[in-house]
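S.K.: Okay, here's the structure, questions in a sec.
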Amino acid sequence: GQNIDQPTEMTATEGAIVQINCTYQTSGFNGLFWYQQHAGEAPTFLSYNVLDGLEEKGRFSSFLSRSKGYSYLLLKELQMKDSASYLCAAYSGAGSYQLTFGKGTKLSVIP
Amino acid sequence: EAQVTQNPRYLITVTGKKLTVTCSQNMNHEYMSWYRQDPGLGLRQIYYSMNVEVTDKGDVPEGYKVSRKEKRNFPLILESPSPNQTSLYFCASTAPSYEQYFGPGTRLTVT
């Protein structure tokens, strides 16, 4: 199984940068997902990291360290519409395609 | 348009009355999965399917059944629903790139 930890809530200012951390403890690990979920809506895919390092996609970047069991999502130039929950999820892979989610980090962007 | 559809979107039912939540995708994806989302617990995987006639348990399979007779459809069956299955349910379909597409959700209340 997997144990995923991420902060429950964060607040950041419009235009700023925020980093949302995620740590995982695994018995089998293939990669790490990040999703965005606005209140009352379905999650939407942001990124999937398999290799160590930083992957950038516009204002959003995601980092993975497999040796440390650690990932983060970096959001730059925050906008009010970025207020949402951010979910990290570990994918076990290797014959078992279980996906285990953290409880999510609720990000509030304030003016 | 690439999409995952779920029906019904809302359902109120009584304990013990069998129900099926349908899920369909039009992207020819092999991998599909079901999740439930509860306050304070986050998203939890119920079942997943790697292809037609190939299904496996996620983290919380008790009280649920699934079938995968065709690639596009992955129904979730509650043979004898109980109040602890009151939840928000999401179906998802995963592309070979690992990008995951979620359905709009089904809000189920069991009284």
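A note on labels: chains of the structure tokens are A, B, ... as shown, every chain counts residues from 1, and ligands are counted from 1 in their shown order.
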Show me, as a PyMOL selection string, every residue of chain A with an atom at most 10 Å from chain B, counting only C-alpha atoms.

M.R.: chain A and resi 1-2+8+31+33+35+40-49+87+89+95-104

S.K.: Might you pull out every residue within 8 Å of region 18-29 of chain B, with only C-alpha atoms counted and same-chain residues fewer than 5 positions away left off, and present them as a list of chain:residue names?

M.R.: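 Within the cut-off, the hits are B:Ala2, B:Gln3, B:Val4, B:Thr5, B:Gln6, B:Asn7, B:Pro8, B:Lys71, B:Arg72, B:Asn73, B:Phe74, B:Pro75, B:Leu76, B:Ile77, B:Leu78, B:Glu79, B:Ser80, B:Pro81, B:Cys91, B:Ser93, B:Thr94, B:Ala95, B:Pro96, B:Gly103, B:Thr106.
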
S.K.: Output N, CA, C and O atoms of each residue in that selection to a file, as a CSV table (one decimal), in the first residue's frame.

M.R.:
chain,number,residue,atom,x,y,z
B,2,ALA,N,-13.4,14.4,-26.6
B,2,ALA,CA,-13.0,13.4,-25.7
B,2,ALA,C,-13.8,13.6,-24.3
B,2,ALA,O,-13.7,14.7,-23.8
B,3,GLN,N,-14.4,12.5,-23.9
B,3,GLN,CA,-15.1,12.7,-22.6
B,3,GLN,C,-15.4,11.4,-21.9
B,3,GLN,O,-15.4,10.3,-22.6
B,4,VAL,N,-15.7,11.5,-20.6
B,4,VAL,CA,-16.1,10.4,-19.8
B,4,VAL,C,-17.5,10.8,-19.3
B,4,VAL,O,-17.6,11.9,-18.7
B,5,THR,N,-18.5,9.9,-19.5
B,5,THR,CA,-19.8,10.2,-19.0
B,5,THR,C,-20.2,9.3,-17.9
B,5,THR,O,-19.9,8.1,-17.9
B,6,GLN,N,-21.0,9.8,-17.0
B,6,GLN,CA,-21.5,9.0,-15.9
B,6,GLN,C,-23.0,9.2,-15.8
B,6,GLN,O,-23.5,10.3,-15.9
B,7,ASN,N,-23.7,8.2,-15.4
B,7,ASN,CA,-25.2,8.3,-15.1
B,7,ASN,C,-25.6,7.3,-14.1
B,7,ASN,O,-25.1,6.2,-14.0
B,8,PRO,N,-26.5,7.8,-13.2
B,8,PRO,CA,-27.0,9.1,-13.1
B,8,PRO,C,-26.0,10.1,-12.4
B,8,PRO,O,-25.0,9.7,-11.9
B,71,LYS,N,-14.7,-2.2,-24.1
B,71,LYS,CA,-13.7,-1.3,-23.7
B,71,LYS,C,-14.3,0.0,-23.2
B,71,LYS,O,-13.7,0.7,-22.3
B,72,ARG,N,-15.3,0.5,-23.8
B,72,ARG,CA,-15.8,1.8,-23.5
B,72,ARG,C,-16.6,1.9,-22.2
B,72,ARG,O,-16.7,3.0,-21.7
B,73,ASN,N,-17.1,0.8,-21.7
B,73,ASN,CA,-18.0,0.9,-20.5
B,73,ASN,C,-17.4,0.2,-19.3
B,73,ASN,O,-16.9,-0.9,-19.4
B,74,PHE,N,-17.7,0.8,-18.2
B,74,PHE,CA,-17.2,0.3,-16.9
B,74,PHE,C,-18.2,0.6,-15.8
B,74,PHE,O,-18.0,1.5,-15.0
B,75,PRO,N,-19.2,-0.2,-15.7
B,75,PRO,CA,-20.3,0.1,-14.7
B,75,PRO,C,-19.9,-0.3,-13.3
B,75,PRO,O,-19.1,-1.3,-13.1
B,76,LEU,N,-20.4,0.5,-12.3
B,76,LEU,CA,-20.2,0.2,-10.9
B,76,LEU,C,-21.5,-0.3,-10.3
B,76,LEU,O,-22.5,0.4,-10.5
B,77,ILE,N,-21.4,-1.4,-9.7
B,77,ILE,CA,-22.7,-2.1,-9.2
B,77,ILE,C,-22.6,-2.1,-7.7
B,77,ILE,O,-21.6,-2.6,-7.1
B,78,LEU,N,-23.7,-1.7,-7.1
B,78,LEU,CA,-23.9,-1.8,-5.6
B,78,LEU,C,-25.0,-2.8,-5.4
B,78,LEU,O,-26.2,-2.5,-5.7
B,79,GLU,N,-24.7,-4.0,-5.1
B,79,GLU,CA,-25.7,-5.1,-5.0
B,79,GLU,C,-26.7,-4.8,-3.8
B,79,GLU,O,-27.9,-5.0,-4.0
B,80,SER,N,-26.2,-4.3,-2.7
B,80,SER,CA,-27.0,-4.1,-1.6
B,80,SER,C,-26.5,-2.8,-0.9
B,80,SER,O,-25.8,-2.9,0.2
B,81,PRO,N,-26.9,-1.6,-1.4
B,81,PRO,CA,-26.3,-0.4,-0.9
B,81,PRO,C,-26.6,-0.2,0.6
B,81,PRO,O,-27.7,-0.6,1.1
B,91,CYS,N,-15.8,8.2,-12.0
B,91,CYS,CA,-15.2,7.3,-12.9
B,91,CYS,C,-14.1,8.0,-13.7
B,91,CYS,O,-14.2,9.2,-13.9
B,93,SER,N,-10.9,7.5,-16.9
B,93,SER,CA,-10.3,6.8,-18.0
B,93,SER,C,-8.9,7.4,-18.2
B,93,SER,O,-8.7,8.6,-18.2
B,94,THR,N,-7.9,6.5,-18.4
B,94,THR,CA,-6.5,6.9,-18.5
B,94,THR,C,-5.9,6.6,-19.9
B,94,THR,O,-6.0,5.5,-20.4
B,95,ALA,N,-5.3,7.7,-20.4
B,95,ALA,CA,-4.6,7.5,-21.7
B,95,ALA,C,-3.3,6.8,-21.6
B,95,ALA,O,-2.7,6.8,-20.5
B,96,PRO,N,-2.7,6.3,-22.7
B,96,PRO,CA,-1.4,5.7,-22.6
B,96,PRO,C,-0.3,6.7,-22.1
B,96,PRO,O,0.7,6.2,-21.5
B,103,GLY,N,-14.9,11.6,-15.1
B,103,GLY,CA,-16.3,11.9,-15.4
B,103,GLY,C,-16.8,13.0,-14.4
B,103,GLY,O,-16.0,13.4,-13.5
B,106,THR,N,-21.0,11.3,-9.7
B,106,THR,CA,-22.3,10.8,-9.3
B,106,THR,C,-22.5,11.0,-7.8
B,106,THR,O,-21.7,10.4,-7.0

S.K.: Which distance in Å separates CA of Ser85 (chain A) and CA of Gln37 (chain A), to one decimal?

M.R.: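 CA of Gln37 (chain A) lies at a distance of 5.1 Å from CA of Ser85 (chain A).
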
S.K.: When DSSP works through the backbone of this structure, what residues of chain B end up as strand (DSSP E or B), shown as a PyMOL selection string?

M.R.: chain B and resi 4-7+10-13+19-25+31-38+42-51+54-57+65-66+73+76-78+87-94+100-102+106-110

S.K.: Find the residues around Glu56 (chain A) up to 10 Å (only C-alpha atoms counted), leave out those fewer than 6 positions away in its own chain, and share them as a short mmCIF file (atom, residue, chain, number, x, y, z; two decimals) with N, CA, C and O atoms, in the first residue's frame.

M.R.:
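Output (part-v9.cif):
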data_model
loop_
_atom_site.label_atom_id
_atom_site.label_comp_id
_atom_site.auth_asym_id
_atom_site.auth_seq_id
_atom_site.Cartn_x
_atom_site.Cartn_y
_atom_site.Cartn_z
N SER A 47 -0.16 16.77 -13.96
CA SER A 47 1.15 16.24 -14.33
C SER A 47 1.31 14.82 -13.85
O SER A 47 0.59 14.37 -12.95
N SER A 62 6.19 20.48 -11.68
CA SER A 62 6.14 19.41 -10.69
C SER A 62 7.51 18.77 -10.59
O SER A 62 8.20 18.59 -11.58
N PHE A 63 7.88 18.43 -9.35
CA PHE A 63 9.20 17.88 -9.05
C PHE A 63 9.04 16.55 -8.36
O PHE A 63 8.12 16.34 -7.56
N LEU A 73 4.48 20.49 -6.12
CA LEU A 73 3.85 21.20 -7.22
C LEU A 73 4.13 22.68 -7.00
O LEU A 73 3.88 23.20 -5.91
N LEU A 74 4.65 23.32 -8.02
CA LEU A 74 5.00 24.74 -7.93
C LEU A 74 4.06 25.53 -8.82
O LEU A 74 3.95 25.23 -10.02
#
